[in-house]
Structure formats: C-alpha cells, structure tokens
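The structure appears below as structure tokens.
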Amino acid sequence: MDFNTSIGIAATGLHAQSARMRVIAENIANADSTATTPGGEPYRRRVPTFETVMNNELGGRVVTMGKLAYDQSAFSNRYEPGHPAADANGYVQYPNVNTLIETMDMREAQRSYEANLNVVSVTRQMLGQTLDILRG
C-alpha cells in the first residue's frame with residue numbers, strides 16, 4: 001500500500017465520521033422539539049449507518065455514510081395540558097432522543113475522526129522521512 005492510498009482511505013473515514021457528527025448534532029439540537037400540531041409526532045431520532053464500497057482508484061474498500069435510519073423507539077410523554085402540541089388528554093410527545101447517548105456517540109465519532117487524522121499525519125511524516133532519506 002502506498003502513501004496516497006493510506007491517506008485516501010483515512011480521508012474517507014474522516015468524511016464518514018464528519019457526516020456522523022452532523023447527524024448526532026442534529027439529534028441533540030432537536031432533543032426538545034415537539035410537534036407543531038396537537039397530538040402530532042415530534043422529531044424522530046436519526047441513526048447514521050455506514051457501508052463499505054469498492055474504490056477502484058484506491059484499490060480497496062472504503063467506508064462511506066449509508067442511509068439514515070429512523071430510531072423506532074417510543075417517544076416520551078409529558079403531561080403539559082397548556083402546551084400547543086398537547087393531545088386531548090393533555091400529554092405532549094417529546095423526541096426519542098437521549099442526550100447522554102448522543103453525547104457518547106459524539107465522543108466515539110470524535111475519537112474515530114482523530115484516529116483517521118492520525119493516520120494521515122503519520123503517513124505524511126513517513127513520506128517526509130522517505131524524501132529526506134532519498135535526498136541523502
């Protein structure tokens with residue numbers, strides 16, 4: 001595997017983790033978003049998925065962001081009869097977003113991003129050292 005291939009594969013990981021962090025940030029931003037109509041559905045948590053695809057240019061399989069899935073877990077209900085989105089019984093549905101889980105997912109995505117960034121950095125250092133050796 002040459003230096004460009006290493007950097008290219010790490011770059012696809014960087015893009016995938018960056019996209020994952022955007023989805024997680026969207027989930028956190030909508031953690032308290034309720035429906036706009038009485039008894040309506042609030043924001044539903046989105047779950048990023050990944051897939052591997054063959055990249056002929058790099059000569060290997062790389063990771064890409066797959067389709068976004070929707071978390072089918074139940075919404076939480078709170079009794080707030082004066083809320084504009086309350087149903088006939090006075091309950092408001094809130095998103096199925098757990099900010100603690102989202103925070104942990106964000107931390108994992110950041111660490112994966114950093115690992116890919118380290119691959120790029122080490123590969124660049126190795127390339128520089130190789131050039132120094134060739135210069136003599």
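Labeling convention for the structure tokens: chains A, B, ... as they appear, residues from 1 per chain, ligands from 1 in order of appearance.
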
Please extract the residues of stretch 32-125 of chain A with a backbone DSSP assignment of strand (DSSP E) and present them as a ChimeraX atom specification. /A:46-47,50-55,60-65,69-70,76-79,91-94

Using the chain letters and numbers from this document, which residues of chain A does DSSP assign to helix (DSSP H, G or I), as an MDAnalysis selection string? chainID A and resid 3:29 99:135

Counting only C-alpha atoms, which residue out of A:Thr64, A:Thr34, A:Asn56, A:Asn89 sits closest to A:Ala11?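 For A:Ala11, the nearest of the given residues is A:Thr64.
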
Using only C-alpha atoms, which of the listed residues (A:His15, A:Pro95, A:Tyr70, A:Ile24) sits closest to A:Glu41?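 Between A:His15, A:Pro95, A:Tyr70, A:Ile24, the residue approaching A:Glu41 most closely is A:Pro95.
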
Give me, as a list in words, all polymer residues having an atom no more than 10 Å from stretch 109-111 of chain A, counting only C-alpha atoms and skipping those fewer than 4 positions away in the same chain. Leu14, Ala16, Gln17, Ser18, Ala19, Arg20, Met21, Ile24, Thr103, Met104, Asp105, Ala115, Asn116 and Leu117 of chain A

Please save N, CA and C atoms of the selected residues as a PDB file, in the first residue's frame.
ATOM      1  N   LEU A  14     -12.543  10.040   7.546  1.00  0.00           N
ATOM      2  CA  LEU A  14     -12.779  11.397   8.056  1.00  0.00           C
ATOM      3  C   LEU A  14     -14.125  11.928   7.581  1.00  0.00           C
ATOM      4  N   ALA A  16     -16.755  10.187   6.610  1.00  0.00           N
ATOM      5  CA  ALA A  16     -17.854   9.419   7.210  1.00  0.00           C
ATOM      6  C   ALA A  16     -18.105   9.853   8.650  1.00  0.00           C
ATOM      7  N   GLN A  17     -17.042  10.032   9.428  1.00  0.00           N
ATOM      8  CA  GLN A  17     -17.216  10.434  10.824  1.00  0.00           C
ATOM      9  C   GLN A  17     -17.714  11.873  10.932  1.00  0.00           C
ATOM     10  N   SER A  18     -17.302  12.713  10.009  1.00  0.00           N
ATOM     11  CA  SER A  18     -17.799  14.085   9.986  1.00  0.00           C
ATOM     12  C   SER A  18     -19.303  14.102   9.730  1.00  0.00           C
ATOM     13  N   ALA A  19     -19.751  13.285   8.786  1.00  0.00           N
ATOM     14  CA  ALA A  19     -21.192  13.186   8.499  1.00  0.00           C
ATOM     15  C   ALA A  19     -21.936  12.631   9.711  1.00  0.00           C
ATOM     16  N   ARG A  20     -21.336  11.659  10.379  1.00  0.00           N
ATOM     17  CA  ARG A  20     -21.945  11.081  11.578  1.00  0.00           C
ATOM     18  C   ARG A  20     -22.107  12.150  12.658  1.00  0.00           C
ATOM     19  N   MET A  21     -21.090  12.987  12.850  1.00  0.00           N
ATOM     20  CA  MET A  21     -21.169  14.035  13.859  1.00  0.00           C
ATOM     21  C   MET A  21     -22.257  15.059  13.528  1.00  0.00           C
ATOM     22  N   ILE A  24     -25.555  13.476  14.597  1.00  0.00           N
ATOM     23  CA  ILE A  24     -25.657  13.492  16.060  1.00  0.00           C
ATOM     24  C   ILE A  24     -25.978  14.904  16.552  1.00  0.00           C
ATOM     25  N   THR A 103     -24.337  12.132  23.304  1.00  0.00           N
ATOM     26  CA  THR A 103     -23.031  12.632  23.721  1.00  0.00           C
ATOM     27  C   THR A 103     -21.973  11.543  23.625  1.00  0.00           C
ATOM     28  N   MET A 104     -22.322  10.338  24.038  1.00  0.00           N
ATOM     29  CA  MET A 104     -21.374   9.223  23.945  1.00  0.00           C
ATOM     30  C   MET A 104     -21.097   8.857  22.484  1.00  0.00           C
ATOM     31  N   ASP A 105     -22.136   8.889  21.646  1.00  0.00           N
ATOM     32  CA  ASP A 105     -21.939   8.645  20.215  1.00  0.00           C
ATOM     33  C   ASP A 105     -21.039   9.708  19.604  1.00  0.00           C
ATOM     34  N   ALA A 115      -8.498   9.243  15.064  1.00  0.00           N
ATOM     35  CA  ALA A 115      -7.686   8.106  14.641  1.00  0.00           C
ATOM     36  C   ALA A 115      -7.377   8.196  13.146  1.00  0.00           C
ATOM     37  N   ASN A 116      -8.379   8.544  12.345  1.00  0.00           N
ATOM     38  CA  ASN A 116      -8.147   8.708  10.909  1.00  0.00           C
ATOM     39  C   ASN A 116      -7.217   9.886  10.630  1.00  0.00           C
ATOM     40  N   LEU A 117      -7.366  10.942  11.401  1.00  0.00           N
ATOM     41  CA  LEU A 117      -6.494  12.103  11.243  1.00  0.00           C
ATOM     42  C   LEU A 117      -5.051  11.742  11.593  1.00  0.00           C
TER      43      LEU A 117
END

Residues within 8 Å of A:Lys67, please, as a list in words. Count only C-alpha atoms; anything in the same chain fewer than 4 positions from it doesn't count. Pro48, Thr49 and Phe50 of chain A

Check the smallest atom-to-atom distance from each of A:Val122, A:Ile9, A:Leu127, A:Leu100 to A:Arg61 using only C-alpha atoms, then report the winner. A:Ile9

Can you measure atom CA of A:Arg78 to atom CA of A:Ile28 for me? One decimal in Å is fine.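 Between atom CA of A:Arg78 and atom CA of A:Ile28 the gap is 18.8 Å.
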
Nearest-residue call for A:Asp32, choices A:Ile7, A:Val97, A:Leu134, A:Met106, using only C-alpha atoms: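 Smallest distance to A:Asp32 is found for A:Val97.
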
Which of these residues is nearest to A:Gly8, using only C-alpha atoms: A:Met54, A:Val62, A:Ala74, A:Ala85? A:Val62

What gap, in Å, lies between atom CA of A:Asn96 and atom CA of A:Leu68?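 Atom CA of A:Leu68 lies 15.6 Å from atom CA of A:Asn96.
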
For each of A:Asp71, A:Glu102, A:Glu114, A:Asp132, take the minimum atom-to-atom distance to A:Val47, counting only C-alpha atoms, then give the residue where this is smallest.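 Among the listed residues, A:Asp71 lies closest to A:Val47.
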